[in-house]
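Have a look at target00.cif; it's mmCIF, C-alpha atoms and all ligand atoms:
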data_target
loop_
_atom_site.label_atom_id
_atom_site.label_comp_id
_atom_site.auth_asym_id
_atom_site.auth_seq_id
_atom_site.Cartn_x
_atom_site.Cartn_y
_atom_site.Cartn_z
CA MET A 159 -0.09 18.64 26.15
CA SER A 160 0.34 15.95 23.57
CA ARG A 161 3.75 14.42 23.06
CA THR A 162 6.40 14.05 20.41
CA GLY A 163 5.84 10.90 18.39
CA PHE A 164 8.68 8.65 17.31
CA PHE A 165 7.84 6.15 14.59
CA PHE A 166 10.20 3.21 14.28
CA ASP A 167 10.11 -0.41 13.25
CA GLU A 168 12.97 -2.85 13.77
CA ARG A 169 12.11 -4.58 10.49
CA THR A 170 13.21 -1.52 8.49
CA LEU A 171 16.74 -2.22 9.75
CA TRP A 172 16.59 -5.59 8.03
CA HIS A 173 16.51 -4.01 4.57
CA GLY A 174 19.41 -5.71 2.82
CA ALA A 175 21.54 -4.93 -0.18
CA GLY A 176 24.47 -6.50 -1.99
CA THR A 177 28.10 -6.11 -1.01
CA TYR A 178 29.50 -2.62 -1.44
CA ALA A 179 32.38 -0.35 -0.55
CA LEU A 180 30.59 2.99 -0.04
CA THR A 181 28.70 3.61 -3.29
CA VAL A 182 30.85 1.22 -5.33
CA PRO A 183 29.58 -2.34 -5.80
CA ALA A 184 32.30 -4.71 -4.65
CA SER A 185 33.84 -6.25 -7.73
CA GLY A 186 37.18 -6.41 -9.50
CA MET A 187 39.77 -4.69 -7.31
CA VAL A 188 37.16 -3.12 -4.99
CA GLN A 189 37.12 -5.10 -1.77
CA PRO A 190 33.78 -5.05 0.05
CA LEU A 191 33.74 -3.39 3.45
CA SER A 192 32.87 -5.65 6.34
CA GLY A 193 29.15 -6.19 6.75
CA SER A 194 27.33 -5.37 3.55
CA GLY A 195 29.49 -2.25 3.09
CA PHE A 196 26.45 -0.44 1.70
CA PRO A 197 26.54 3.17 2.93
CA GLU A 198 22.80 3.20 3.63
CA GLY A 199 23.23 0.35 6.08
CA PRO A 200 21.29 -0.24 9.28
CA GLU A 201 24.08 0.69 11.70
CA ALA A 202 23.55 4.47 11.98
CA LYS A 203 19.80 4.03 12.49
CA ARG A 204 20.23 1.18 14.97
CA ARG A 205 22.70 3.28 16.95
CA LEU A 206 20.24 6.19 16.91
CA LYS A 207 17.52 4.00 18.40
CA SER A 208 20.04 2.66 20.95
CA LEU A 209 21.07 6.21 21.86
CA ILE A 210 17.43 7.18 22.36
CA ASP A 211 17.04 4.21 24.69
CA VAL A 212 20.18 4.62 26.78
CA SER A 213 19.96 8.42 27.04
CA GLY A 214 16.44 8.20 28.43
CA LEU A 215 15.00 10.33 25.61
CA GLY A 216 12.62 7.48 24.84
CA GLU A 217 10.72 8.28 28.03
CA ASP A 218 9.78 11.65 26.53
CA LEU A 219 8.56 10.15 23.24
CA ALA A 220 5.45 8.31 22.17
CA ILE A 221 7.18 5.43 20.37
CA SER A 222 5.28 3.23 17.97
CA SER A 223 5.41 1.45 14.65
CA ALA A 224 2.80 1.90 11.92
CA ASP A 225 1.07 -0.08 9.23
CA PRO A 226 2.33 0.12 5.66
CA PRO A 227 0.35 2.54 3.51
CA SER A 228 -2.63 1.33 1.53
CA LYS A 229 -2.20 0.57 -2.16
CA ALA A 230 -4.32 3.68 -2.83
CA ASP A 231 -1.86 5.76 -0.82
CA LEU A 232 1.09 4.45 -2.84
CA LEU A 233 -0.73 4.89 -6.14
CA ARG A 234 -1.15 8.63 -5.57
CA VAL A 235 2.60 8.92 -6.20
CA HIS A 236 3.85 5.73 -7.85
CA PRO A 237 2.52 4.19 -11.09
CA ALA A 238 0.99 0.71 -10.70
CA GLU A 239 3.57 -0.67 -13.13
CA TYR A 240 6.47 0.49 -10.94
CA LEU A 241 4.93 -0.97 -7.78
CA GLN A 242 4.31 -4.29 -9.54
CA LYS A 243 7.84 -4.47 -10.93
CA PHE A 244 9.25 -3.71 -7.47
CA LYS A 245 7.02 -6.31 -5.79
CA ASP A 246 7.80 -8.98 -8.38
CA LEU A 247 11.58 -8.53 -8.09
CA SER A 248 11.34 -8.41 -4.31
CA ASP A 249 9.39 -11.69 -4.30
CA ALA A 250 11.98 -13.19 -6.65
CA GLY A 251 14.79 -12.49 -4.18
CA GLY A 252 15.63 -8.87 -4.82
CA GLY A 253 17.76 -6.92 -7.24
CA GLU A 254 18.07 -3.41 -8.65
CA LEU A 255 15.48 -1.31 -10.50
CA GLY A 256 17.28 2.01 -10.68
CA LEU A 257 20.53 3.56 -9.56
CA ARG A 258 22.11 2.55 -6.23
CA THR A 259 18.92 1.06 -4.84
CA PRO A 260 19.71 -2.61 -4.31
CA PHE A 261 17.24 -4.58 -2.23
CA GLY A 262 16.91 -8.12 -1.01
CA PRO A 263 13.98 -10.49 -0.62
CA GLY A 264 11.08 -8.72 1.07
CA GLY A 265 12.48 -5.34 0.07
CA TYR A 266 9.08 -4.19 -1.16
CA GLU A 267 7.37 -4.87 2.16
CA ILE A 268 10.19 -3.21 4.12
CA ALA A 269 10.13 -0.10 1.91
CA ALA A 270 6.36 0.11 2.29
CA LEU A 271 6.72 -0.18 6.06
CA SER A 272 9.23 2.69 5.98
CA THR A 273 6.77 4.81 4.01
CA GLY A 274 4.03 3.89 6.45
CA LEU A 275 6.00 5.39 9.34
CA ALA A 276 6.05 8.77 7.56
CA VAL A 277 2.39 8.57 6.58
CA ARG A 278 1.33 7.85 10.13
CA ALA A 279 3.58 10.54 11.65
CA VAL A 280 2.09 13.20 9.39
CA ALA A 281 -1.49 11.98 9.92
CA ASP A 282 -1.16 11.89 13.70
CA VAL A 283 0.32 15.39 13.91
CA LEU A 284 -2.36 16.81 11.60
CA ALA A 285 -5.04 15.13 13.70
CA GLY A 286 -3.62 16.70 16.86
CA ARG A 287 -2.82 13.34 18.43
CA LEU A 288 0.83 14.37 18.70
CA LYS A 289 2.56 17.71 19.27
CA ASN A 290 5.08 16.91 16.53
CA ALA A 291 6.77 13.75 15.31
CA TYR A 292 9.83 11.99 13.95
CA ALA A 293 9.74 9.08 11.52
CA LEU A 294 12.89 6.94 11.47
CA CYS A 295 12.42 5.76 7.90
CA ARG A 296 14.67 3.19 6.25
CA PRO A 297 15.05 2.99 3.31
CA PRO A 298 14.95 6.78 2.88
CA GLY A 299 12.74 8.43 0.26
CA HIS A 300 13.69 11.89 -1.00
CA HIS A 301 15.55 10.73 -4.11
CA CYS A 302 12.85 8.35 -5.34
CA LEU A 303 10.98 9.54 -8.42
CA PRO A 304 7.48 8.18 -9.04
CA ASP A 305 8.80 5.52 -11.43
CA TRP A 306 12.55 5.44 -10.83
CA PRO A 307 14.32 4.57 -7.58
CA ASN A 308 17.74 6.07 -7.01
CA GLY A 309 20.11 7.17 -4.27
CA PHE A 310 19.16 4.37 -1.82
CA CYS A 311 15.46 5.45 -2.04
CA LEU A 312 12.82 2.95 -3.19
CA LEU A 313 9.56 4.72 -2.39
CA ALA A 314 8.85 8.44 -1.97
CA ASN A 315 8.14 8.36 1.76
CA ILE A 316 7.38 12.05 2.14
CA GLY A 317 5.61 12.28 -1.21
CA VAL A 318 3.21 9.51 -0.24
CA ALA A 319 2.66 11.02 3.23
CA VAL A 320 1.91 14.47 1.78
CA GLU A 321 -0.50 13.11 -0.81
CA ALA A 322 -2.31 11.06 1.85
CA ALA A 323 -2.68 14.14 4.05
CA LEU A 324 -4.03 16.24 1.19
CA ALA A 325 -6.41 13.47 0.04
CA SER A 326 -7.81 13.08 3.56
CA GLY A 327 -8.54 16.79 3.80
CA ALA A 328 -6.41 17.04 6.93
CA ALA A 329 -4.17 19.57 5.15
CA MET A 330 -4.71 21.93 2.25
CA ARG A 331 -1.16 23.20 1.88
CA VAL A 332 2.07 21.48 2.84
CA ALA A 333 5.66 22.69 2.92
CA VAL A 334 8.55 20.24 2.59
CA LEU A 335 11.93 21.46 3.81
CA ASP A 336 14.85 19.23 2.82
CA TRP A 337 18.17 19.76 4.64
CA ASP A 338 19.77 16.51 3.59
CA VAL A 339 23.14 17.38 2.00
CA HIS A 340 21.90 15.91 -1.29
CA HIS A 341 19.27 17.42 -3.55
CA GLY A 342 15.73 16.18 -2.95
CA ASN A 343 15.22 15.29 -6.61
CA GLY A 344 12.50 12.75 -5.91
CA THR A 345 10.33 15.18 -3.95
CA GLU A 346 10.96 17.70 -6.72
CA ALA A 347 9.67 15.24 -9.32
CA VAL A 348 6.51 14.49 -7.34
CA PHE A 349 5.50 18.11 -6.65
CA TYR A 350 7.25 20.27 -9.27
CA ASP A 351 4.00 21.40 -10.94
CA ARG A 352 1.93 21.70 -7.78
CA ALA A 353 0.65 24.89 -6.18
CA ASP A 354 -0.47 23.22 -2.94
CA VAL A 355 2.97 21.86 -1.97
CA LEU A 356 6.02 24.06 -1.50
CA THR A 357 9.32 22.20 -1.62
CA VAL A 358 12.59 23.76 -0.47
CA SER A 359 15.88 21.87 -0.74
CA ILE A 360 19.13 23.09 0.85
CA HIS A 361 21.98 20.96 -0.43
CA GLN A 362 25.58 20.78 -1.54
CA ALA A 363 25.79 21.88 -5.18
CA ARG A 364 26.76 19.17 -7.64
CA ASN A 365 26.95 16.36 -5.14
CA TYR A 366 24.10 13.90 -5.80
CA PRO A 367 22.43 13.96 -8.21
CA LEU A 368 25.16 15.69 -10.14
CA ASP A 369 23.08 17.83 -12.47
CA THR A 370 19.91 18.65 -10.55
CA GLY A 371 19.14 21.12 -7.78
CA ASP A 372 19.88 24.39 -9.56
CA PHE A 373 18.71 27.66 -8.00
CA SER A 374 17.04 28.53 -11.31
CA ASP A 375 14.63 25.56 -11.05
CA ARG A 376 11.53 27.16 -9.49
CA GLY A 377 8.67 24.79 -10.41
CA GLU A 378 6.47 24.75 -13.48
CA GLY A 379 2.87 25.34 -14.50
CA ALA A 380 0.64 25.86 -11.48
CA GLY A 381 3.66 25.10 -9.31
CA ASN A 382 5.81 27.88 -10.74
CA GLY A 383 7.39 29.58 -7.71
CA CYS A 384 6.40 26.73 -5.36
CA TYR A 385 9.80 25.15 -5.58
CA LEU A 386 13.10 26.47 -4.25
CA ASN A 387 16.59 25.02 -4.51
CA ILE A 388 19.34 26.45 -2.32
CA PRO A 389 22.59 24.92 -3.58
CA LEU A 390 25.58 25.65 -1.33
CA PRO A 391 29.28 25.31 -2.10
CA PRO A 392 31.14 22.47 -0.35
CA GLY A 393 32.66 23.36 3.00
CA CYS A 394 29.78 25.34 4.51
CA GLY A 395 29.59 25.34 8.29
CA HIS A 396 27.02 26.37 10.88
CA THR A 397 26.94 30.04 9.88
CA ALA A 398 26.18 29.44 6.21
CA TRP A 399 23.62 26.70 6.83
CA MET A 400 21.74 28.86 9.34
CA ALA A 401 21.85 31.78 6.92
CA ALA A 402 20.44 29.62 4.13
CA LEU A 403 17.70 28.45 6.46
CA GLU A 404 16.80 31.78 8.04
CA ARG A 405 17.25 34.07 5.04
CA LEU A 406 15.93 31.86 2.24
CA ALA A 407 14.13 28.69 3.30
CA LEU A 408 12.05 29.79 6.27
CA PRO A 409 10.86 33.08 4.70
CA ALA A 410 9.68 31.13 1.63
CA ILE A 411 7.77 28.76 3.89
CA ALA A 412 6.34 31.64 5.93
CA ALA A 413 5.04 33.31 2.77
CA PHE A 414 3.46 30.02 1.62
CA LYS A 415 1.49 29.58 4.88
CA PRO A 416 1.38 25.77 5.01
CA ASP A 417 -0.76 23.74 7.40
CA ILE A 418 2.28 21.64 8.32
CA ILE A 419 6.05 21.66 7.74
CA ILE A 420 7.61 18.31 6.88
CA VAL A 421 11.40 18.14 7.05
CA ALA A 422 13.40 15.71 4.93
CA SER A 423 15.96 15.44 7.70
CA GLY A 424 19.24 14.01 6.53
CA TYR A 425 22.40 14.23 8.63
CA ASP A 426 24.93 13.93 5.81
CA ALA A 427 25.87 17.61 6.16
CA SER A 428 27.74 16.35 9.24
CA ALA A 429 31.42 17.30 9.21
CA VAL A 430 32.41 13.64 9.22
CA ASP A 431 29.90 12.22 6.74
CA PRO A 432 31.53 10.17 3.98
CA LEU A 433 29.00 11.28 1.33
CA GLY A 434 28.94 15.03 2.00
CA ARG A 435 31.50 17.82 2.22
CA MET A 436 29.95 20.11 4.80
CA LEU A 437 30.90 21.00 8.38
CA LEU A 438 27.90 20.67 10.66
CA GLY A 439 27.83 19.31 14.20
CA ALA A 440 24.84 18.04 16.16
CA ASP A 441 24.18 21.53 17.56
CA SER A 442 23.43 22.76 14.05
CA PHE A 443 20.68 20.17 13.61
CA ALA A 444 19.21 21.19 16.97
CA ALA A 445 19.32 24.85 15.90
CA MET A 446 17.75 24.15 12.50
CA THR A 447 15.00 22.12 14.16
CA ALA A 448 14.37 24.87 16.71
CA ALA A 449 14.13 27.56 14.02
CA THR A 450 11.72 25.42 12.01
CA MET A 451 9.59 24.77 15.10
CA ALA A 452 9.48 28.49 15.89
CA LEU A 453 8.18 29.24 12.41
CA ALA A 454 5.66 26.39 12.66
CA ASP A 455 4.45 27.85 15.97
CA ASP A 456 3.84 31.16 14.18
CA ILE A 457 2.15 29.93 11.03
CA ALA A 458 1.25 26.23 11.23
CA GLY A 459 -0.04 25.57 14.74
CA GLY A 460 3.34 24.11 15.67
CA ARG A 461 2.83 21.16 13.30
CA VAL A 462 6.26 19.78 12.33
CA VAL A 463 7.27 16.28 11.26
CA LEU A 464 10.88 15.25 10.67
CA VAL A 465 11.40 12.30 8.35
CA HIS A 466 14.80 10.61 8.46
CA GLU A 467 16.70 10.68 5.16
CA GLY A 468 20.49 10.33 4.75
CA GLY A 469 23.32 10.34 7.27
CA TYR A 470 26.17 7.90 6.71
CA SER A 471 28.50 8.43 9.63
CA ASP A 472 27.58 5.55 11.90
CA VAL A 473 29.17 7.44 14.80
CA HIS A 474 27.96 10.99 14.26
CA ALA A 475 24.60 10.75 12.48
CA PRO A 476 22.94 9.23 15.58
CA PHE A 477 24.03 12.22 17.70
CA CYS A 478 22.83 14.68 15.04
CA ALA A 479 19.44 12.98 14.83
CA HIS A 480 19.23 12.67 18.61
CA ALA A 481 19.78 16.45 18.85
CA ALA A 482 16.95 17.10 16.39
CA ILE A 483 14.57 14.70 18.17
CA SER A 484 15.47 16.13 21.60
CA THR A 485 14.63 19.58 20.27
CA LEU A 486 11.26 18.37 19.00
CA ALA A 487 10.56 16.94 22.46
CA GLY A 488 11.77 20.03 24.34
CA VAL A 489 14.56 18.09 26.04
CA PRO A 490 18.13 19.44 26.27
CA PRO A 491 20.30 17.71 23.64
CA LEU A 492 23.19 15.45 24.61
CA GLU A 493 26.70 16.74 24.24
CA ASP A 494 28.02 16.04 20.74
CA PRO A 495 31.18 13.95 21.27
CA LEU A 496 32.61 15.51 18.08
CA GLY A 497 31.21 18.97 18.79
CA ALA A 498 34.43 20.57 20.03
CA THR A 499 36.55 19.37 17.15
CA ILE A 500 33.91 20.35 14.60
CA ALA A 501 33.60 23.83 16.16
CA GLN A 502 37.37 24.27 15.80
CA ARG A 503 37.17 23.35 12.13
CA GLN A 504 34.54 25.82 10.98
CA PRO A 505 35.50 27.80 7.86
CA ASP A 506 37.73 30.84 8.29
CA PRO A 507 36.10 34.30 8.04
CA ALA A 508 37.01 34.85 4.39
CA THR A 509 35.55 31.49 3.36
CA THR A 510 32.42 32.10 5.40
CA ALA A 511 32.08 35.53 3.78
CA PHE A 512 32.24 33.93 0.34
CA GLN A 513 29.59 31.38 1.32
CA LEU A 514 27.33 34.12 2.69
CA SER A 515 27.80 36.11 -0.51
CA GLN A 516 26.37 33.16 -2.45
CA ILE A 517 23.36 33.14 -0.15
CA ASP A 518 23.02 36.94 -0.49
CA ALA A 519 22.96 36.58 -4.25
CA MET A 520 20.12 34.07 -4.06
CA ALA A 521 18.19 36.30 -1.64
CA THR A 522 18.63 39.26 -3.98
CA ALA A 523 17.44 37.21 -6.95
CA LEU A 524 14.34 36.08 -5.06
CA ALA A 525 13.54 39.62 -3.93
CA GLY A 526 13.84 40.85 -7.50
ZN ZN B 1 21.75 12.57 1.48
#
Before anything else, please render the file you have as structure tokens.
Amino acid sequence: MSRTGFFFDERTLWHGAGTYALTVPASGMVQPLSGSGFPEGPEAKRRLKSLIDVSGLGEDLAISSADPPSKADLLRVHPAEYLQKFKDLSDAGGGELGLRTPFGPGGYEIAALSTGLAVRAVADVLAGRLKNAYALCRPPGHHCLPDWPNGFCLLANIGVAVEAALASGAAMRVAVLDWDVHHGNGTEAVFYDRADVLTVSIHQARNYPLDTGDFSDRGEGAGNGCYLNIPLPPGCGHTAWMAALERLALPAIAAFKPDIIIVASGYDASAVDPLGRMLLGADSFAAMTAATMALADDIAGGRVVLVHEGGYSDVHAPFCAHAAISTLAGVPPLEDPLGATIAQRQPDPATTAFQLSQIDAMATALAG
């Protein structure tokens, strides 16, 4: 039996930005946090890799780096002008090309390396070299439009990986499931008019971006119906997230019959994430991964790749990701050190009922 792949490169942790306090550039009366203060910093990812090492999970994974994608791979998603502008500014010492996407010298090469991890993870699973895989990408990718970086994302990691898989003939149809707490607006932009790629995004309504991610946005042209947004109200816990997954997202993917399911796996729906207002613990990420794997076993030969997106609690995100990766590898997850307190703080029954009624309404609309 082939193994679970884990794609990681230390150099992606060296992606640097300016000085920030959460999403606010440090200036005026805003004091920078210690370190760079940038929320998409290296600490959560470094602690995840450390946790994989010290917990012994690494022994159950095939760990490797990957080459950056070819220029041809990048050009399937990003215009040549954008790539050149990014490379030029990176060579000149770094800067900002969009919204909240600062990068330092060498930022272009580091972003390309991050994309390469996703490309290789998808290619190796499709080729049967791995049972399933996880790509620890940094910077993340799901907000990046073809020609406009935003939300800490500089290249469309999953978009490039999907296009490479389709171009190689290794896959004909791909489903992207995004459970980052923010809307996957970049993936939407890449595939909105495409019939061969289904994208499903479960997210907190009106978080980031503020005015995208509506349930009524269903794709356009040939892609009409191949796009599904599941916006949830703030404060949803395990019950509502599982309902959104099992009643809306997974049935849509099952009906689409993809060759592979790629998950934009953010951990900012954690109950203690500074950039989300949801109530998940690590167990929820294990459960969502298990449900996705079960569907993939039924319809996609078990082919699942998780690609790391957001997750800004340096303490909790590593445990959430570790739970997802353990599930991929068939290893019992670690105990979530915040699990008990998060379980005690799940929404009360009336609030949960309201959240489920929102999900019911979306299910009814889809059935109609
Ligand atoms: Zn996010």
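If only C-alpha atoms and all ligand atoms are the atoms counted, then among A:Ala291, A:Cys384, A:Ala475, A:Ile420 the closest residue to ligand ZN 1 (chain B) is A:Ala475.
With distances taken over all atoms listed in the file, A:Ala323 is the one residue among A:Met446, A:Leu255, A:Ala323, A:Ala508 lying closest to Val283 in chain A.
Checking A:Ile360, A:Ala401, A:Leu275, A:Val212 one by one against ligand ZN 1 (chain B), counting only C-alpha atoms and all ligand atoms, you find the shortest gap at A:Ile360.
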(message) For a quick check of understanding, using only C-alpha atoms, which of A:Pro298, A:Pro263, A:Gly395, A:Pro416 has the smallest distance to Met330 in chain A?
(response) A:Pro416
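CA of Cys295 in chain A is positioned 8.1 Å from CA of Phe165 in chain A.
Distance annotation: of A:Ala238, A:Val358, A:Leu171, A:Leu233, the residue with the minimal separation from Val318 in chain A is A:Leu233; atom set is only C-alpha atoms.
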Given the point (27.2, 19.7, 10.9) in the file's coordinates, find the residues that have an atom at most 10 Å from it, counting all atoms listed in the file, and give them as a PDB file with C-alpha atoms, in the coordinates of the input.
ATOM      1  CA  CYS A 394      29.780  25.340   4.510  1.00  0.00           C
ATOM      2  CA  GLY A 395      29.590  25.340   8.290  1.00  0.00           C
ATOM      3  CA  HIS A 396      27.020  26.370  10.880  1.00  0.00           C
ATOM      4  CA  TRP A 399      23.620  26.700   6.830  1.00  0.00           C
ATOM      5  CA  TYR A 425      22.400  14.230   8.630  1.00  0.00           C
ATOM      6  CA  ASP A 426      24.930  13.930   5.810  1.00  0.00           C
ATOM      7  CA  ALA A 427      25.870  17.610   6.160  1.00  0.00           C
ATOM      8  CA  SER A 428      27.740  16.350   9.240  1.00  0.00           C
ATOM      9  CA  ALA A 429      31.420  17.300   9.210  1.00  0.00           C
ATOM     10  CA  VAL A 430      32.410  13.640   9.220  1.00  0.00           C
ATOM     11  CA  ASP A 431      29.900  12.220   6.740  1.00  0.00           C
ATOM     12  CA  ARG A 435      31.500  17.820   2.220  1.00  0.00           C
ATOM     13  CA  MET A 436      29.950  20.110   4.800  1.00  0.00           C
ATOM     14  CA  LEU A 437      30.900  21.000   8.380  1.00  0.00           C
ATOM     15  CA  LEU A 438      27.900  20.670  10.660  1.00  0.00           C
ATOM     16  CA  GLY A 439      27.830  19.310  14.200  1.00  0.00           C
ATOM     17  CA  ALA A 440      24.840  18.040  16.160  1.00  0.00           C
ATOM     18  CA  ASP A 441      24.180  21.530  17.560  1.00  0.00           C
ATOM     19  CA  SER A 442      23.430  22.760  14.050  1.00  0.00           C
ATOM     20  CA  PHE A 443      20.680  20.170  13.610  1.00  0.00           C
ATOM     21  CA  HIS A 474      27.960  10.990  14.260  1.00  0.00           C
ATOM     22  CA  ALA A 475      24.600  10.750  12.480  1.00  0.00           C
ATOM     23  CA  CYS A 478      22.830  14.680  15.040  1.00  0.00           C
ATOM     24  CA  LEU A 496      32.610  15.510  18.080  1.00  0.00           C
ATOM     25  CA  GLY A 497      31.210  18.970  18.790  1.00  0.00           C
ATOM     26  CA  ILE A 500      33.910  20.350  14.600  1.00  0.00           C
ATOM     27  CA  ALA A 501      33.600  23.830  16.160  1.00  0.00           C
ATOM     28  CA  GLN A 504      34.540  25.820  10.980  1.00  0.00           C
TER      29      GLN A 504
END
(request) Find the residue from A:Ala410, A:Gly488, A:Gln516, A:Thr273 that sits nearest to Pro392 in chain A; use all atoms listed in the file when measuring. (result) A:Gln516
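Based on only C-alpha atoms and all ligand atoms, the protein and nucleic acid residues found within 7 Å of ligand ZN 1 (chain B) are, by chain and then by number, A:Asp338, A:Val339, A:His340, A:Gly424, A:Asp426, A:Glu467, A:Gly468, A:Gly469.
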